[in-house]
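Q: Below is a structure I'd like to ask you about.
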Amino acid sequence: MLRDFIRGPLQVYSVAFLLYLFSAWLHFPYGGGHIYSDLVSVFQVRECPSGCTLPVPYIQTFVEYPVIVAMFMYAMGLLGRLLSSTDILDAYYLCTCALLLIPTLLLIRESVKVTKLLGVDEGRVMRYIVVTPSFLIMLLLNWYVIGVFFSTFALRKFMQGSRWASGVLLGLSAASNLVTALPAIGMILSSKGLREQAKFVAGGLASYGVVNAPFVLLNPSLWLSPWQYAYNWYIEGSWMLAFLNYYSPLRHPLSTATFILEAALILWTIGKTGMRDTVKLSWIFTFAFLFGTYIFTPQMNMILLPLFAFAPIARQYVEFLVFDLVNALVIVLGYSQALFVFGISYAFPGSLILYMVIVRSLWVGKFTIFDGVWRMLREGRKVA
């Protein structure tokens with residue numbers, strides 16, 4: 001009975017909608033469940049520094065997020081001000097939640113379609129995307145769902161043979177949140193021949209260029225500023241914190257060297273096994289980058305959820321669930337007051353949060369090397 005329930009798309013959408021409403025309450029500005037949200041804090045800092053004047057991102061003001069997300073935030077601010085001149089923050093947040101429901105449901109739809117193409121259990125969409133700590137805590141903590149929807153849509157189009165369309169969609173994903181387009185690496189490597197690769201890359205560059213070109217022309221310095229902002233960011237969410245301080249200058253070369261070594265190992269394994277599976281290469285390069293980078297925020301787990309649903313990355317479901325729970329607890333315990341609704345405040349030791357951060361980062365490395373590269377080698381030997 002339970003297995004039949006979690007398989008049906010209608011049930012998936014229904015459960016997702018109910019959990020989405022609960023998540024919206026959890027992140028409601030200065031109320032609800034008192035769970036931290038970038039949707040609120042970034043909007044206040046960038047669009048409402050004094051009187052909610054709503055300056056235009058990339059033209060009149062700096063915003064650290066790519067163009068699509070920055071303009072989405074701005075548009076929700078305009079809509080919120082139109083609906084309420086006295087309480088623009090609440091109106092903005094409600095408008096944001098209402099509009100973000102669209103890519104959320106579309107992400108679920110595309111995920112179900114990908115599972116059908118792969119011939120795997122559709123119920124994995126419910127287990128690995130919807131009924132998860134990340135869906136409740138991370139989905140409305142940030143805008144990643146926009147980019148994740150585009151990249152999942154791109155994966156489906158790629159699997160159906162459309163290189164240009166999948167490239168265009170990944171360009172839109174990169175213009176939303178650059179890291180959500182990481183599966184593009186796997187798609188490029190699994191393409192057959194230079195012609196397919198060129199068509200795919202051209203589609204991505206075209207859509208990314210079209211979205212960004214107006215802002216590059218109108219204010220090139222503001223367009224470049226988010227890149228510098230990310231470069232100067234401290235070590236966040238990485239295993240490097242086990243032995244480096246937050247602003248260690250080693251974070252840049254170490255991050256680069258780690259990913260290069262991982263990429264070399266993966267490419268060597270591909271050459272050894274001849275493996276060209278699109279989904280496997282997409283997830284393994286995504287995990288490899290997130291393990292290597294010095295900025296791996298908890299909300300980036302949203303990028304991983306569809307990949308867990310499409311591939312047997314975690315050996316057991318309970319491993320995935322504990323991994324995702326530890327990640328969510330970093331926000332719940334370290335940045336929120338989840339018990340304040342009952343009049344209880346708490347302050348967990350920073351050392352505990354740091355330990356959790358390091359563990360979940362190393363866990364991603366474990367998924368990459370042991371559940372990715374090592375399993376690929378073993379499967380390649382069996383085939384041989």
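The chains in the structure tokens are called A, B, ... from first to last as shown; in each chain the residues are counted from 1, and the ligands are counted from 1 in the order shown.
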Pull the helix (DSSP H, G or I) assignments for region 129-360 of chain A out of DSSP run on the backbone, and list those residues as a ChimeraX atom specification.
A: /A:129-130,133-137,144-159,163-176,178-181,184-190,193-218,220-232,239-242,251-273,278-292,298-310,317-334,340-342,350-360
Q: Which residue, A:Ile353, A:Val148, A:Ile137, A:Val120, has the smallest gap to Ala338 (chain A) when you use only C-alpha atoms?
A: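 Answer, going by the shortest atom-to-atom distance: A:Ile137.
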Q: Closest to Ile266 (chain A) among A:His34, A:Arg124, A:Arg375, A:Arg251, using only C-alpha atoms?
A: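 The closest residue to Ile266 (chain A) is A:Arg375.
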Q: Mind giving me the straight-line distance from CA of Val357 (chain A) to CA of Val125 (chain A) in Å, one decimal?
A: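 Pair CA of Val357 (chain A) / CA of Val125 (chain A) returns 25.9 Å.
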Q: As an exercise, work out the distance from CA of Leu155 (chain A) to CA of Ala206 (chain A) in Å and give it to one decimal place.
A: 17.7 Å
Q: Could you check the closest approach to Tyr144 (chain A) for each of A:Pro298, A:Gly204, A:Gly31, A:Pro49 and tell me which residue wins, using only C-alpha atoms?
A: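 Closest residue, counting only C-alpha atoms: A:Pro298.
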Q: Go through A:Ser221, A:Ser41, A:Gln60, A:Thr104 one by one, measure the shortest atom-to-atom distance of each to Tyr13 (chain A) using only C-alpha atoms, and give the residue with the smallest value.
A: A:Thr104
Q: Skip Phe28 (chain A) itself and residues of its chain fewer than 4 positions away, then list as a PyMOL selection string all residues within 9 Å of it, counting only C-alpha atoms.
A: chain A and resi 23-24+32-37+40+90+93-94
Q: Show which residues sit within 10 Å of Lys113 (chain A), as a list of chain:residue names. Count only C-alpha atoms, and ignore same-chain residues fewer than 3 positions away.
A: A:Leu107, A:Ile108, A:Arg109, A:Glu110, A:Lys116, A:Leu117, A:Leu118, A:Gly119, A:Glu122, A:Thr152, A:Phe153, A:Arg156
Q: Set the distance at 12 Å and use only C-alpha atoms: which residues neighbour Gly271 (chain A) once local chain neighbours fewer than 6 positions away are removed? I'd like the list as a list in words.
A: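 Contacts, in chain order: Leu189, Ala264, Leu265, Val373, Met376, Leu377 and Gly380 of chain A.
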Q: Go ahead and write the selection's residues with all heavy atoms as a short mmCIF file (atom, residue, chain, number, x, y, z; two decimals), in the first residue's frame.
A:
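Output contents, as saved in out-v4.cif:
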data_model
loop_
_atom_site.label_atom_id
_atom_site.label_comp_id
_atom_site.auth_asym_id
_atom_site.auth_seq_id
_atom_site.Cartn_x
_atom_site.Cartn_y
_atom_site.Cartn_z
N LEU A 189 30.82 15.32 -21.55
CA LEU A 189 31.66 14.14 -21.68
C LEU A 189 30.91 12.92 -22.21
O LEU A 189 31.52 12.03 -22.80
CB LEU A 189 32.30 13.80 -20.33
CG LEU A 189 33.35 14.79 -19.83
CD1 LEU A 189 33.82 14.43 -18.43
CD2 LEU A 189 34.53 14.85 -20.79
N ALA A 264 40.93 14.54 -12.76
CA ALA A 264 41.91 13.65 -13.40
C ALA A 264 41.61 12.19 -13.06
O ALA A 264 41.69 11.31 -13.93
CB ALA A 264 43.32 14.03 -12.95
N LEU A 265 41.25 11.93 -11.80
CA LEU A 265 40.93 10.57 -11.39
C LEU A 265 39.68 10.06 -12.10
O LEU A 265 39.63 8.91 -12.57
CB LEU A 265 40.72 10.53 -9.87
CG LEU A 265 40.32 9.18 -9.26
CD1 LEU A 265 41.39 8.12 -9.53
CD2 LEU A 265 40.07 9.32 -7.76
N VAL A 373 33.74 6.83 -8.09
CA VAL A 373 34.90 6.35 -8.85
C VAL A 373 35.18 4.87 -8.57
O VAL A 373 35.35 4.07 -9.51
CB VAL A 373 36.15 7.20 -8.49
CG1 VAL A 373 37.38 6.62 -9.19
CG2 VAL A 373 35.94 8.64 -8.91
N MET A 376 32.58 2.65 -10.04
CA MET A 376 32.72 2.65 -11.49
C MET A 376 33.82 1.69 -11.93
O MET A 376 33.67 0.94 -12.91
CB MET A 376 33.02 4.07 -11.97
CG MET A 376 32.80 4.30 -13.46
SD MET A 376 33.45 5.90 -14.03
CE MET A 376 32.67 7.03 -12.86
N LEU A 377 34.94 1.70 -11.21
CA LEU A 377 36.05 0.80 -11.53
C LEU A 377 35.66 -0.66 -11.35
O LEU A 377 35.96 -1.51 -12.18
CB LEU A 377 37.26 1.12 -10.67
CG LEU A 377 38.11 2.33 -11.09
CD1 LEU A 377 39.13 2.67 -10.01
CD2 LEU A 377 38.82 2.01 -12.41
N GLY A 380 33.37 -1.70 -14.06
CA GLY A 380 34.11 -1.82 -15.31
C GLY A 380 34.86 -3.12 -15.39
O GLY A 380 34.93 -3.76 -16.44
#
Q: Tell me, as an MDAnalysis selection string, which residues lie within 12 Å of Ala213 (chain A), counting only C-alpha atoms; anything in the same chain fewer than 5 positions away does not count.
A: chainID A and resid 58 67 175 205:208 218:220 223
Q: So, with only C-alpha atoms as the atoms that count, which of A:Leu241, A:Leu281, A:Val130, A:Ala263 lies closest to Ser191 (chain A)?
A: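 Going through A:Leu241, A:Leu281, A:Val130, A:Ala263 one by one, the smallest distance to Ser191 (chain A) is for A:Leu281.
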